[in-house]
>>> print(open('upload-v4.pdb').read())   # PDB, C-alpha atoms, pLDDT in the B column
MODEL        1
ATOM      1  CA  ALA A   1      55.614  64.941  71.105  1.00 91.00           C
ATOM      2  CA  ALA A   2      54.721  68.606  70.762  1.00 94.00           C
ATOM      3  CA  GLY A   3      51.034  67.799  71.020  1.00 95.00           C
ATOM      4  CA  LEU A   4      48.600  64.960  71.699  1.00 95.00           C
ATOM      5  CA  LEU A   5      45.106  64.522  70.245  1.00 94.00           C
ATOM      6  CA  ALA A   6      42.304  62.700  72.073  1.00 94.00           C
ATOM      7  CA  VAL A   7      38.919  61.868  70.504  1.00 92.00           C
ATOM      8  CA  SER A   8      37.000  62.683  73.708  1.00 93.00           C
ATOM      9  CA  GLU A   9      37.329  64.565  76.980  1.00 94.00           C
ATOM     10  CA  ALA A  10      37.207  61.209  78.749  1.00 93.00           C
ATOM     11  CA  LEU A  11      40.167  59.899  76.776  1.00 93.00           C
ATOM     12  CA  ALA A  12      42.070  63.148  77.356  1.00 95.00           C
ATOM     13  CA  ALA A  13      41.591  62.609  81.101  1.00 95.00           C
ATOM     14  CA  ASP A  14      42.842  59.030  80.767  1.00 93.00           C
ATOM     15  CA  ILE A  15      45.960  60.239  78.944  1.00 94.00           C
ATOM     16  CA  ALA A  16      46.651  62.830  81.641  1.00 96.00           C
ATOM     17  CA  ALA A  17      46.137  60.173  84.311  1.00 96.00           C
ATOM     18  CA  LEU A  18      49.018  58.228  82.763  1.00 95.00           C
ATOM     19  CA  GLY A  19      51.260  61.164  83.663  1.00 95.00           C
ATOM     20  CA  LEU A  20      51.445  62.911  80.292  1.00 95.00           C
ATOM     21  CA  PRO A  21      51.300  66.725  80.406  1.00 95.00           C
ATOM     22  CA  SER A  22      47.690  67.858  80.187  1.00 94.00           C
ATOM     23  CA  GLN A  23      48.676  71.175  78.562  1.00 95.00           C
ATOM     24  CA  LYS A  24      49.799  69.223  75.475  1.00 96.00           C
ATOM     25  CA  ILE A  25      46.461  67.395  75.081  1.00 97.00           C
ATOM     26  CA  ALA A  26      43.752  68.712  72.751  1.00 95.00           C
ATOM     27  CA  VAL A  27      40.367  67.090  72.053  1.00 93.00           C
ATOM     28  CA  HIS A  28      39.853  66.448  68.340  1.00 91.00           C
ATOM     29  CA  ARG A  29      36.738  64.372  67.815  1.00 86.00           C
ATOM     30  CA  THR A  30      36.124  61.502  65.434  1.00 80.00           C
ATOM     31  CA  GLY A  31      35.364  62.569  61.863  1.00 85.00           C
ATOM     32  CA  LEU A  32      33.479  60.839  59.068  1.00 90.00           C
ATOM     33  CA  ASP A  33      32.375  61.206  55.475  1.00 91.00           C
ATOM     34  CA  ARG A  34      28.968  62.879  55.734  1.00 90.00           C
ATOM     35  CA  ASP A  35      28.280  62.281  52.034  1.00 91.00           C
ATOM     36  CA  ARG A  36      28.381  58.548  52.722  1.00 93.00           C
ATOM     37  CA  PHE A  37      27.013  58.376  56.274  1.00 94.00           C
ATOM     38  CA  ARG A  38      23.587  60.041  56.142  1.00 94.00           C
ATOM     39  CA  PRO A  39      19.962  58.873  56.435  1.00 95.00           C
ATOM     40  CA  LEU A  40      19.226  56.739  53.357  1.00 93.00           C
ATOM     41  CA  GLN A  41      15.751  55.471  54.204  1.00 81.00           C
ATOM     42  CA  HIS A  42      13.395  54.843  51.320  1.00 80.00           C
ATOM     43  CA  ASP A  43      10.497  52.541  50.496  1.00 81.00           C
ATOM     44  CA  GLY A  44      11.807  49.063  49.915  1.00 88.00           C
ATOM     45  CA  LEU A  45      15.129  49.589  51.709  1.00 92.00           C
ATOM     46  CA  ARG A  46      14.697  46.536  53.925  1.00 93.00           C
ATOM     47  CA  SER A  47      13.584  44.401  50.975  1.00 92.00           C
ATOM     48  CA  GLN A  48      16.677  45.526  49.072  1.00 91.00           C
ATOM     49  CA  LEU A  49      18.935  44.696  52.025  1.00 93.00           C
ATOM     50  CA  ALA A  50      17.224  41.342  52.575  1.00 94.00           C
ATOM     51  CA  ARG A  51      18.149  40.340  49.030  1.00 93.00           C
ATOM     52  CA  GLN A  52      21.710  41.650  49.245  1.00 93.00           C
ATOM     53  CA  LEU A  53      22.450  40.210  52.682  1.00 93.00           C
ATOM     54  CA  GLY A  54      20.451  37.003  52.368  1.00 93.00           C
ATOM     55  CA  VAL A  55      18.624  37.813  55.607  1.00 93.00           C
ATOM     56  CA  PRO A  56      14.835  38.002  56.128  1.00 91.00           C
ATOM     57  CA  LEU A  57      14.036  41.607  57.064  1.00 91.00           C
ATOM     58  CA  ALA A  58      10.369  42.422  57.552  1.00 89.00           C
ATOM     59  CA  ASP A  59       9.117  45.993  57.752  1.00 87.00           C
ATOM     60  CA  ASP A  60       6.964  45.186  60.801  1.00 89.00           C
ATOM     61  CA  GLU A  61       9.768  43.908  63.052  1.00 94.00           C
ATOM     62  CA  ALA A  62      12.341  45.772  65.099  1.00 96.00           C
ATOM     63  CA  LEU A  63      15.746  45.748  63.444  1.00 97.00           C
ATOM     64  CA  LEU A  64      18.791  46.109  65.704  1.00 98.00           C
ATOM     65  CA  VAL A  65      22.383  46.269  64.545  1.00 98.00           C
ATOM     66  CA  SER A  66      25.657  46.014  66.431  1.00 98.00           C
ATOM     67  CA  VAL A  67      28.796  47.248  64.655  1.00 97.00           C
ATOM     68  CA  GLY A  68      32.209  46.320  66.009  1.00 96.00           C
ATOM     69  CA  ALA A  69      34.831  43.611  66.327  1.00 97.00           C
ATOM     70  CA  LEU A  70      33.371  40.440  67.840  1.00 98.00           C
ATOM     71  CA  ILE A  71      35.398  40.602  71.043  1.00 97.00           C
ATOM     72  CA  ALA A  72      34.409  40.565  74.715  1.00 96.00           C
ATOM     73  CA  ARG A  73      35.127  44.297  75.185  1.00 96.00           C
ATOM     74  CA  LYS A  74      32.450  45.259  72.649  1.00 97.00           C
ATOM     75  CA  GLY A  75      29.811  43.256  74.529  1.00 97.00           C
ATOM     76  CA  GLN A  76      27.680  41.851  71.708  1.00 98.00           C
ATOM     77  CA  GLY A  77      26.767  39.001  74.054  1.00 98.00           C
ATOM     78  CA  PHE A  78      24.672  41.414  76.118  1.00 98.00           C
ATOM     79  CA  ALA A  79      22.766  42.398  72.973  1.00 98.00           C
ATOM     80  CA  VAL A  80      22.140  38.725  72.163  1.00 98.00           C
ATOM     81  CA  ARG A  81      20.927  38.117  75.729  1.00 98.00           C
ATOM     82  CA  ALA A  82      18.520  41.053  75.393  1.00 98.00           C
ATOM     83  CA  LEU A  83      16.847  39.520  72.348  1.00 97.00           C
ATOM     84  CA  PRO A  84      14.611  37.028  74.249  1.00 97.00           C
ATOM     85  CA  LEU A  85      13.190  40.061  76.078  1.00 98.00           C
ATOM     86  CA  LEU A  86      12.262  41.732  72.791  1.00 97.00           C
ATOM     87  CA  ASP A  87       9.405  40.264  70.795  1.00 91.00           C
ATOM     88  CA  ASN A  88       9.576  40.482  67.028  1.00 92.00           C
ATOM     89  CA  ALA A  89      13.138  41.850  66.949  1.00 97.00           C
ATOM     90  CA  ARG A  90      16.091  40.839  64.808  1.00 97.00           C
ATOM     91  CA  LEU A  91      19.796  41.514  65.479  1.00 98.00           C
ATOM     92  CA  LEU A  92      22.469  42.009  62.805  1.00 98.00           C
ATOM     93  CA  LEU A  93      26.066  41.654  63.965  1.00 98.00           C
ATOM     94  CA  VAL A  94      28.532  43.498  61.729  1.00 97.00           C
ATOM     95  CA  GLY A  95      32.158  42.589  62.314  1.00 96.00           C
ATOM     96  CA  THR A  96      34.505  39.658  62.799  1.00 97.00           C
ATOM     97  CA  GLY A  97      36.491  38.441  65.773  1.00 97.00           C
ATOM     98  CA  GLU A  98      37.463  35.731  68.203  1.00 97.00           C
ATOM     99  CA  ASP A  99      34.089  35.685  69.992  1.00 97.00           C
ATOM    100  CA  GLU A 100      32.022  34.655  66.960  1.00 98.00           C
ATOM    101  CA  ALA A 101      31.812  30.973  67.952  1.00 98.00           C
ATOM    102  CA  LYS A 102      30.793  31.921  71.532  1.00 98.00           C
ATOM    103  CA  LEU A 103      28.135  34.310  70.254  1.00 98.00           C
ATOM    104  CA  ARG A 104      26.725  31.702  67.880  1.00 98.00           C
ATOM    105  CA  ALA A 105      26.582  29.168  70.717  1.00 98.00           C
ATOM    106  CA  LEU A 106      24.876  31.727  72.980  1.00 98.00           C
ATOM    107  CA  ALA A 107      22.245  32.473  70.332  1.00 98.00           C
ATOM    108  CA  ASN A 108      21.568  28.756  69.990  1.00 98.00           C
ATOM    109  CA  GLU A 109      21.380  28.297  73.755  1.00 98.00           C
ATOM    110  CA  LEU A 110      18.856  31.129  74.076  1.00 98.00           C
ATOM    111  CA  ARG A 111      16.931  29.849  71.038  1.00 97.00           C
ATOM    112  CA  VAL A 112      17.260  33.138  69.193  1.00 97.00           C
ATOM    113  CA  ASP A 113      19.643  31.842  66.520  1.00 96.00           C
ATOM    114  CA  GLN A 114      16.988  32.453  63.850  1.00 96.00           C
ATOM    115  CA  ARG A 115      16.936  36.131  64.860  1.00 97.00           C
ATOM    116  CA  VAL A 116      20.695  36.751  65.124  1.00 98.00           C
ATOM    117  CA  HIS A 117      22.613  37.188  61.875  1.00 97.00           C
ATOM    118  CA  PHE A 118      26.388  37.365  61.484  1.00 98.00           C
ATOM    119  CA  LEU A 119      27.192  39.634  58.540  1.00 97.00           C
ATOM    120  CA  GLY A 120      30.983  39.675  58.879  1.00 96.00           C
ATOM    121  CA  SER A 121      32.848  42.715  57.554  1.00 95.00           C
ATOM    122  CA  LEU A 122      30.705  44.955  55.364  1.00 93.00           C
ATOM    123  CA  ASP A 123      31.832  47.328  52.657  1.00 87.00           C
ATOM    124  CA  HIS A 124      31.581  50.960  53.754  1.00 82.00           C
ATOM    125  CA  ASP A 125      29.034  51.573  51.001  1.00 88.00           C
ATOM    126  CA  MET A 126      26.766  48.887  52.491  1.00 93.00           C
ATOM    127  CA  LEU A 127      27.097  49.955  56.137  1.00 95.00           C
ATOM    128  CA  PRO A 128      25.123  53.230  55.767  1.00 95.00           C
ATOM    129  CA  LEU A 129      22.253  51.260  54.213  1.00 96.00           C
ATOM    130  CA  VAL A 130      22.186  48.825  57.148  1.00 96.00           C
ATOM    131  CA  LEU A 131      22.331  51.661  59.688  1.00 97.00           C
ATOM    132  CA  SER A 132      19.629  53.606  57.837  1.00 96.00           C
ATOM    133  CA  ALA A 133      17.334  50.568  57.905  1.00 95.00           C
ATOM    134  CA  ALA A 134      17.916  49.780  61.600  1.00 96.00           C
ATOM    135  CA  ASP A 135      15.744  51.009  64.464  1.00 96.00           C
ATOM    136  CA  ALA A 136      18.712  51.152  66.855  1.00 97.00           C
ATOM    137  CA  MET A 137      22.425  50.386  67.028  1.00 98.00           C
ATOM    138  CA  VAL A 138      23.359  48.464  70.189  1.00 98.00           C
ATOM    139  CA  LEU A 139      26.977  48.432  71.379  1.00 97.00           C
ATOM    140  CA  PRO A 140      27.454  47.748  75.126  1.00 97.00           C
ATOM    141  CA  SER A 141      31.234  48.278  75.218  1.00 96.00           C
ATOM    142  CA  ALA A 142      33.279  47.910  78.383  1.00 95.00           C
ATOM    143  CA  SER A 143      35.532  50.771  77.247  1.00 93.00           C
ATOM    144  CA  GLU A 144      35.853  53.181  74.325  1.00 93.00           C
ATOM    145  CA  GLY A 145      37.442  56.487  73.425  1.00 90.00           C
ATOM    146  CA  LEU A 146      34.694  57.743  71.173  1.00 92.00           C
ATOM    147  CA  ALA A 147      33.632  54.878  68.909  1.00 93.00           C
ATOM    148  CA  ASN A 148      33.408  55.526  65.164  1.00 92.00           C
ATOM    149  CA  ALA A 149      30.431  53.144  65.104  1.00 94.00           C
ATOM    150  CA  TRP A 150      28.465  55.440  67.451  1.00 96.00           C
ATOM    151  CA  VAL A 151      29.006  58.472  65.236  1.00 95.00           C
ATOM    152  CA  GLU A 152      28.349  56.597  61.979  1.00 96.00           C
ATOM    153  CA  ALA A 153      25.057  55.241  63.319  1.00 97.00           C
ATOM    154  CA  LEU A 154      23.853  58.651  64.490  1.00 97.00           C
ATOM    155  CA  ALA A 155      24.878  60.242  61.186  1.00 96.00           C
ATOM    156  CA  CYS A 156      22.571  57.742  59.455  1.00 96.00           C
ATOM    157  CA  GLY A 157      19.719  58.761  61.748  1.00 96.00           C
ATOM    158  CA  CYS A 158      19.958  55.551  63.783  1.00 97.00           C
ATOM    159  CA  PRO A 159      19.712  56.097  67.573  1.00 97.00           C
ATOM    160  CA  VAL A 160      22.204  54.212  69.724  1.00 98.00           C
ATOM    161  CA  VAL A 161      21.979  52.139  72.899  1.00 98.00           C
ATOM    162  CA  ILE A 162      25.429  52.295  74.468  1.00 97.00           C
ATOM    163  CA  THR A 163      27.165  52.070  77.822  1.00 97.00           C
ATOM    164  CA  ASP A 164      28.670  54.926  79.823  1.00 95.00           C
ATOM    165  CA  ALA A 165      32.087  54.375  78.256  1.00 94.00           C
ATOM    166  CA  GLY A 166      34.584  56.978  77.087  1.00 92.00           C
ATOM    167  CA  GLY A 167      32.919  59.953  75.442  1.00 93.00           C
ATOM    168  CA  ALA A 168      29.368  58.522  75.469  1.00 95.00           C
ATOM    169  CA  ARG A 169      27.936  61.416  77.499  1.00 94.00           C
ATOM    170  CA  GLU A 170      29.778  63.945  75.334  1.00 92.00           C
ATOM    171  CA  LEU A 171      28.138  62.428  72.235  1.00 92.00           C
ATOM    172  CA  LEU A 172      24.568  61.808  73.414  1.00 93.00           C
ATOM    173  CA  THR A 173      23.528  65.360  74.130  1.00 87.00           C
ATOM    174  CA  ALA A 174      19.885  64.921  73.045  1.00 84.00           C
ATOM    175  CA  PRO A 175      17.460  62.271  74.438  1.00 79.00           C
ATOM    176  CA  GLY A 176      16.292  61.291  70.968  1.00 83.00           C
ATOM    177  CA  ALA A 177      19.814  60.314  69.932  1.00 94.00           C
ATOM    178  CA  GLY A 178      19.735  57.225  72.120  1.00 96.00           C
ATOM    179  CA  ARG A 179      20.159  55.816  75.592  1.00 97.00           C
ATOM    180  CA  ILE A 180      23.097  55.181  77.924  1.00 97.00           C
ATOM    181  CA  VAL A 181      22.574  51.938  79.844  1.00 97.00           C
ATOM    182  CA  PRO A 182      24.409  49.518  82.152  1.00 97.00           C
ATOM    183  CA  ARG A 183      25.988  46.400  80.644  1.00 97.00           C
ATOM    184  CA  ASP A 184      22.830  44.444  81.377  1.00 97.00           C
ATOM    185  CA  PRO A 185      20.460  42.634  78.961  1.00 98.00           C
ATOM    186  CA  ALA A 186      17.293  43.833  80.736  1.00 98.00           C
ATOM    187  CA  ALA A 187      18.463  47.466  80.677  1.00 98.00           C
ATOM    188  CA  ILE A 188      19.344  47.166  76.988  1.00 98.00           C
ATOM    189  CA  ALA A 189      15.926  45.669  76.196  1.00 98.00           C
ATOM    190  CA  GLU A 190      14.132  48.455  78.081  1.00 98.00           C
ATOM    191  CA  ALA A 191      16.134  51.131  76.254  1.00 97.00           C
ATOM    192  CA  VAL A 192      15.283  49.560  72.899  1.00 97.00           C
ATOM    193  CA  LYS A 193      11.587  49.396  73.846  1.00 97.00           C
ATOM    194  CA  SER A 194      11.700  53.050  74.859  1.00 96.00           C
ATOM    195  CA  LEU A 195      13.127  54.056  71.481  1.00 95.00           C
ATOM    196  CA  LEU A 196      10.662  51.852  69.593  1.00 95.00           C
ATOM    197  CA  SER A 197       7.705  53.316  71.474  1.00 94.00           C
ATOM    198  CA  ALA A 198       8.596  56.851  70.362  1.00 93.00           C
ATOM    199  CA  PRO A 199      10.954  56.631  67.361  1.00 93.00           C
ATOM    200  CA  PRO A 200      12.941  59.847  66.901  1.00 92.00           C
ATOM    201  CA  GLU A 201      12.994  61.589  63.516  1.00 94.00           C
ATOM    202  CA  ARG A 202      16.037  60.313  61.661  1.00 94.00           C
ATOM    203  CA  ASP A 203      17.043  63.765  60.426  1.00 94.00           C
ATOM    204  CA  THR A 204      16.896  65.008  64.022  1.00 94.00           C
ATOM    205  CA  VAL A 205      19.192  62.196  65.154  1.00 95.00           C
ATOM    206  CA  ALA A 206      21.618  62.897  62.302  1.00 95.00           C
ATOM    207  CA  ALA A 207      21.702  66.591  63.205  1.00 93.00           C
ATOM    208  CA  THR A 208      23.218  65.756  66.615  1.00 93.00           C
ATOM    209  CA  VAL A 209      26.519  64.853  64.923  1.00 93.00           C
ATOM    210  CA  GLU A 210      26.688  67.622  62.321  1.00 89.00           C
ATOM    211  CA  ARG A 211      30.007  68.723  63.801  1.00 88.00           C
ATOM    212  CA  PHE A 212      31.537  65.299  63.055  1.00 90.00           C
ATOM    213  CA  SER A 213      32.600  65.874  59.454  1.00 89.00           C
ATOM    214  CA  TRP A 214      35.882  65.854  57.572  1.00 89.00           C
ATOM    215  CA  PRO A 215      35.669  69.539  56.471  1.00 89.00           C
ATOM    216  CA  VAL A 216      35.006  70.681  60.059  1.00 87.00           C
ATOM    217  CA  HIS A 217      37.857  68.549  61.352  1.00 86.00           C
ATOM    218  CA  ALA A 218      40.272  69.635  58.627  1.00 88.00           C
ATOM    219  CA  GLU A 219      39.640  73.258  59.548  1.00 89.00           C
ATOM    220  CA  ALA A 220      40.129  72.514  63.252  1.00 85.00           C
TER     221      ALA A 220
ENDMDL
END
>>> encode(input="upload-v4.pdb", output="structure tokens")
Amino acid sequence: AAGLLAVSEALAADIAALGLPSQKIAVHRTGLDRDRFRPLQHDGLRSQLARQLGVPLADDEALLVSVGALIARKGQGFAVRALPLLDNARLLLVGTGEDEAKLRALANELRVDQRVHFLGSLDHDMLPLVLSAADAMVLPSASEGLANAWVEALACGCPVVITDAGGARELLTAPGAGRIVPRDPAAIAEAVKSLLSAPPERDTVAATVERFSWPVHAEA
């Protein structure tokens, strides 16, 4: 190949570590449709979603969402294990995968099954509404390049709680955008509490990923 594109500096380093020529590698970050992924909060948003999703969503409870394939690498189990440490919090799992049965059993075992909801695959028109309604997006991945789900959440003004995987530190350049935590339920719960205690302005969160747009990327 004449050139190689990596979505993060971390992934570029991984490619070079495989023995590929570093001078051929350029970082070209994840792009998204900013007309679709933007803060969409409005009065009655949670009530609207509750009807559409068939899930009870109260305005006075913390709403967490995890977006990604239900596989061990994405680590949704750590988010489920954090739920008993978070009073009055609900977790929406968006995605499908081989770990769904394990995650359902874990939620039952921890007696949080009434607060964990499996939404399956969502249409891309619905996902921005869910992210705009959520207080935080939790994705404790074991490894990533630079996850689309991170960028989409931030673009909707939803702060993220993620692990130090791939380009996480390149993405979270402002404290209000979220927290980087170990793959540990207690650490995840503390990060969520920290964000809930001082919720960042959603427009401020969205501004941290202004450079992640299709026009900017097309020009690059």
>>> resolve_selection(input="upload-v4.pdb", expression="the PyMOL selection byres ((chain A and resi 198) around 12)", output="list in words")
Asp135, Pro159, Pro175, Gly176, Ala177, Gly178, Ala191, Val192, Lys193, Ser194, Leu195, Leu196, Ser197, Pro199, Pro200, Glu201 and Arg202 of chain A
>>> atom_distance(input="upload-v4.pdb", atom1="atom CA of A:Gly157", atom2="atom CA of A:Arg36")
12.5 Å
>>> closest_atom_pairs(input="upload-v4.pdb", of="stretch 103-137 of chain A", to="stretch 42-65 of chain A", cutoff="7 Å", atoms="all atoms listed in the file", output="Markdown table")
| residue | atom | partner | partner_atom | distance |
| --- | --- | --- | --- | --- |
| A:Ala133 | CA | A:Arg46 | CA | 6.2 |
| A:Ala134 | CA | A:Leu63 | CA | 4.9 |
| A:Asp135 | CA | A:Leu63 | CA | 5.4 |
| A:Ala136 | CA | A:Leu64 | CA | 5.2 |
| A:Met137 | CA | A:Val65 | CA | 4.8 |
>>> residues_around(input="upload-v4.pdb", residues="A:Gly97", least_positions_apart="4", cutoff="9 Å", atoms="all atoms listed in the file", output="PyMOL selection string")
chain A and resi 68-71+120
>>> atom_distance(input="upload-v4.pdb", atom1="atom CA of A:Arg38", atom2="atom CA of A:Val216")
16.1 Å
>>> residues_around(input="upload-v4.pdb", residues="stretch 101-105 of chain A", least_positions_apart="6", cutoff="10 Å", atoms="all atoms listed in the file", output="list in words")
Leu70, Ile71, Ala72, Gln76, Gly77, Phe78, Val80, Arg81, Leu93, Arg111, Val112, Asp113, Val116, His117 and Phe118 of chain A
>>> resolve_selection(input="upload-v4.pdb", expression="the PyMOL selection byres ((chain A and resi 3) around 9)", output="PDB file with C-alpha atoms, in the frame of the given file")
ATOM      1  CA  ALA A   1      55.614  64.941  71.105  1.00 91.00           C
ATOM      2  CA  ALA A   2      54.721  68.606  70.762  1.00 94.00           C
ATOM      3  CA  LEU A   4      48.600  64.960  71.699  1.00 95.00           C
ATOM      4  CA  LEU A   5      45.106  64.522  70.245  1.00 94.00           C
ATOM      5  CA  GLN A  23      48.676  71.175  78.562  1.00 95.00           C
ATOM      6  CA  LYS A  24      49.799  69.223  75.475  1.00 96.00           C
ATOM      7  CA  ILE A  25      46.461  67.395  75.081  1.00 97.00           C
ATOM      8  CA  ALA A  26      43.752  68.712  72.751  1.00 95.00           C
TER       9      ALA A  26
END
>>> decode(input="upload-v4.pdb", residues="stretch 101-167 of chain A", atoms="C-alpha atoms", output="mmCIF file, in the first residue's frame")
data_model
loop_
_atom_site.group_PDB
_atom_site.id
_atom_site.type_symbol
_atom_site.label_atom_id
_atom_site.label_comp_id
_atom_site.auth_asym_id
_atom_site.auth_seq_id
_atom_site.Cartn_x
_atom_site.Cartn_y
_atom_site.Cartn_z
ATOM 1 C CA ALA A 101 -27.304 -14.353 27.906
ATOM 2 C CA LYS A 102 -24.353 -13.923 30.327
ATOM 3 C CA LEU A 103 -25.204 -10.265 30.878
ATOM 4 C CA ARG A 104 -28.858 -11.064 31.537
ATOM 5 C CA ALA A 105 -27.841 -13.747 34.039
ATOM 6 C CA LEU A 106 -25.428 -11.321 35.732
ATOM 7 C CA ALA A 107 -28.149 -8.680 36.063
ATOM 8 C CA ASN A 108 -30.436 -11.265 37.637
ATOM 9 C CA GLU A 109 -27.704 -12.463 39.987
ATOM 10 C CA LEU A 110 -27.015 -8.907 41.160
ATOM 11 C CA ARG A 111 -30.755 -8.191 41.410
ATOM 12 C CA VAL A 112 -30.552 -5.235 39.055
ATOM 13 C CA ASP A 113 -32.448 -6.889 36.196
ATOM 14 C CA GLN A 114 -35.259 -4.339 36.579
ATOM 15 C CA ARG A 115 -32.719 -1.565 35.944
ATOM 16 C CA VAL A 116 -30.851 -3.104 32.991
ATOM 17 C CA HIS A 117 -32.553 -2.961 29.598
ATOM 18 C CA PHE A 118 -31.415 -4.709 26.422
ATOM 19 C CA LEU A 119 -32.403 -2.563 23.442
ATOM 20 C CA GLY A 120 -30.739 -4.608 20.698
ATOM 21 C CA SER A 121 -29.680 -2.790 17.528
ATOM 22 C CA LEU A 122 -31.147 0.698 17.235
ATOM 23 C CA ASP A 123 -31.780 2.700 14.101
ATOM 24 C CA HIS A 124 -29.265 5.521 13.683
ATOM 25 C CA ASP A 125 -32.102 8.035 13.936
ATOM 26 C CA MET A 126 -33.007 6.677 17.389
ATOM 27 C CA LEU A 127 -29.456 6.479 18.766
ATOM 28 C CA PRO A 128 -28.911 10.275 18.992
ATOM 29 C CA LEU A 129 -32.133 10.562 21.008
ATOM 30 C CA VAL A 130 -30.963 7.896 23.472
ATOM 31 C CA LEU A 131 -27.524 9.506 23.800
ATOM 32 C CA SER A 132 -29.063 12.966 24.221
ATOM 33 C CA ALA A 133 -31.285 11.684 27.036
ATOM 34 C CA ALA A 134 -28.486 9.831 28.865
ATOM 35 C CA ASP A 135 -26.393 11.273 31.689
ATOM 36 C CA ALA A 136 -23.334 9.240 30.661
ATOM 37 C CA MET A 137 -22.213 6.620 28.155
ATOM 38 C CA VAL A 138 -20.256 3.788 29.800
ATOM 39 C CA LEU A 139 -18.006 1.566 27.678
ATOM 40 C CA PRO A 140 -15.154 -0.160 29.582
ATOM 41 C CA SER A 141 -13.459 -1.741 26.548
ATOM 42 C CA ALA A 142 -10.356 -3.893 26.823
ATOM 43 C CA SER A 143 -9.090 -2.471 23.518
ATOM 44 C CA GLU A 144 -10.170 0.038 20.874
ATOM 45 C CA GLY A 145 -8.743 2.114 18.059
ATOM 46 C CA LEU A 146 -10.947 5.135 18.527
ATOM 47 C CA ALA A 147 -14.510 3.917 19.064
ATOM 48 C CA ASN A 148 -17.285 5.480 16.978
ATOM 49 C CA ALA A 149 -19.544 5.122 20.029
ATOM 50 C CA TRP A 150 -17.283 7.451 22.056
ATOM 51 C CA VAL A 151 -17.420 10.178 19.422
ATOM 52 C CA GLU A 152 -21.161 9.796 18.776
ATOM 53 C CA ALA A 153 -21.924 10.096 22.490
ATOM 54 C CA LEU A 154 -19.801 13.219 22.919
ATOM 55 C CA ALA A 155 -21.320 14.785 19.799
ATOM 56 C CA CYS A 156 -24.733 14.388 21.462
ATOM 57 C CA GLY A 157 -23.444 16.156 24.567
ATOM 58 C CA CYS A 158 -23.252 12.919 26.562
ATOM 59 C CA PRO A 159 -20.044 12.564 28.636
ATOM 60 C CA VAL A 160 -18.313 9.190 28.520
ATOM 61 C CA VAL A 161 -16.835 6.842 31.115
ATOM 62 C CA ILE A 162 -14.253 4.769 29.265
ATOM 63 C CA THR A 163 -11.043 2.850 29.834
ATOM 64 C CA ASP A 164 -7.536 3.892 28.816
ATOM 65 C CA ALA A 165 -7.816 2.030 25.516
ATOM 66 C CA GLY A 166 -6.610 3.120 22.091
ATOM 67 C CA GLY A 167 -7.118 6.822 21.483
#
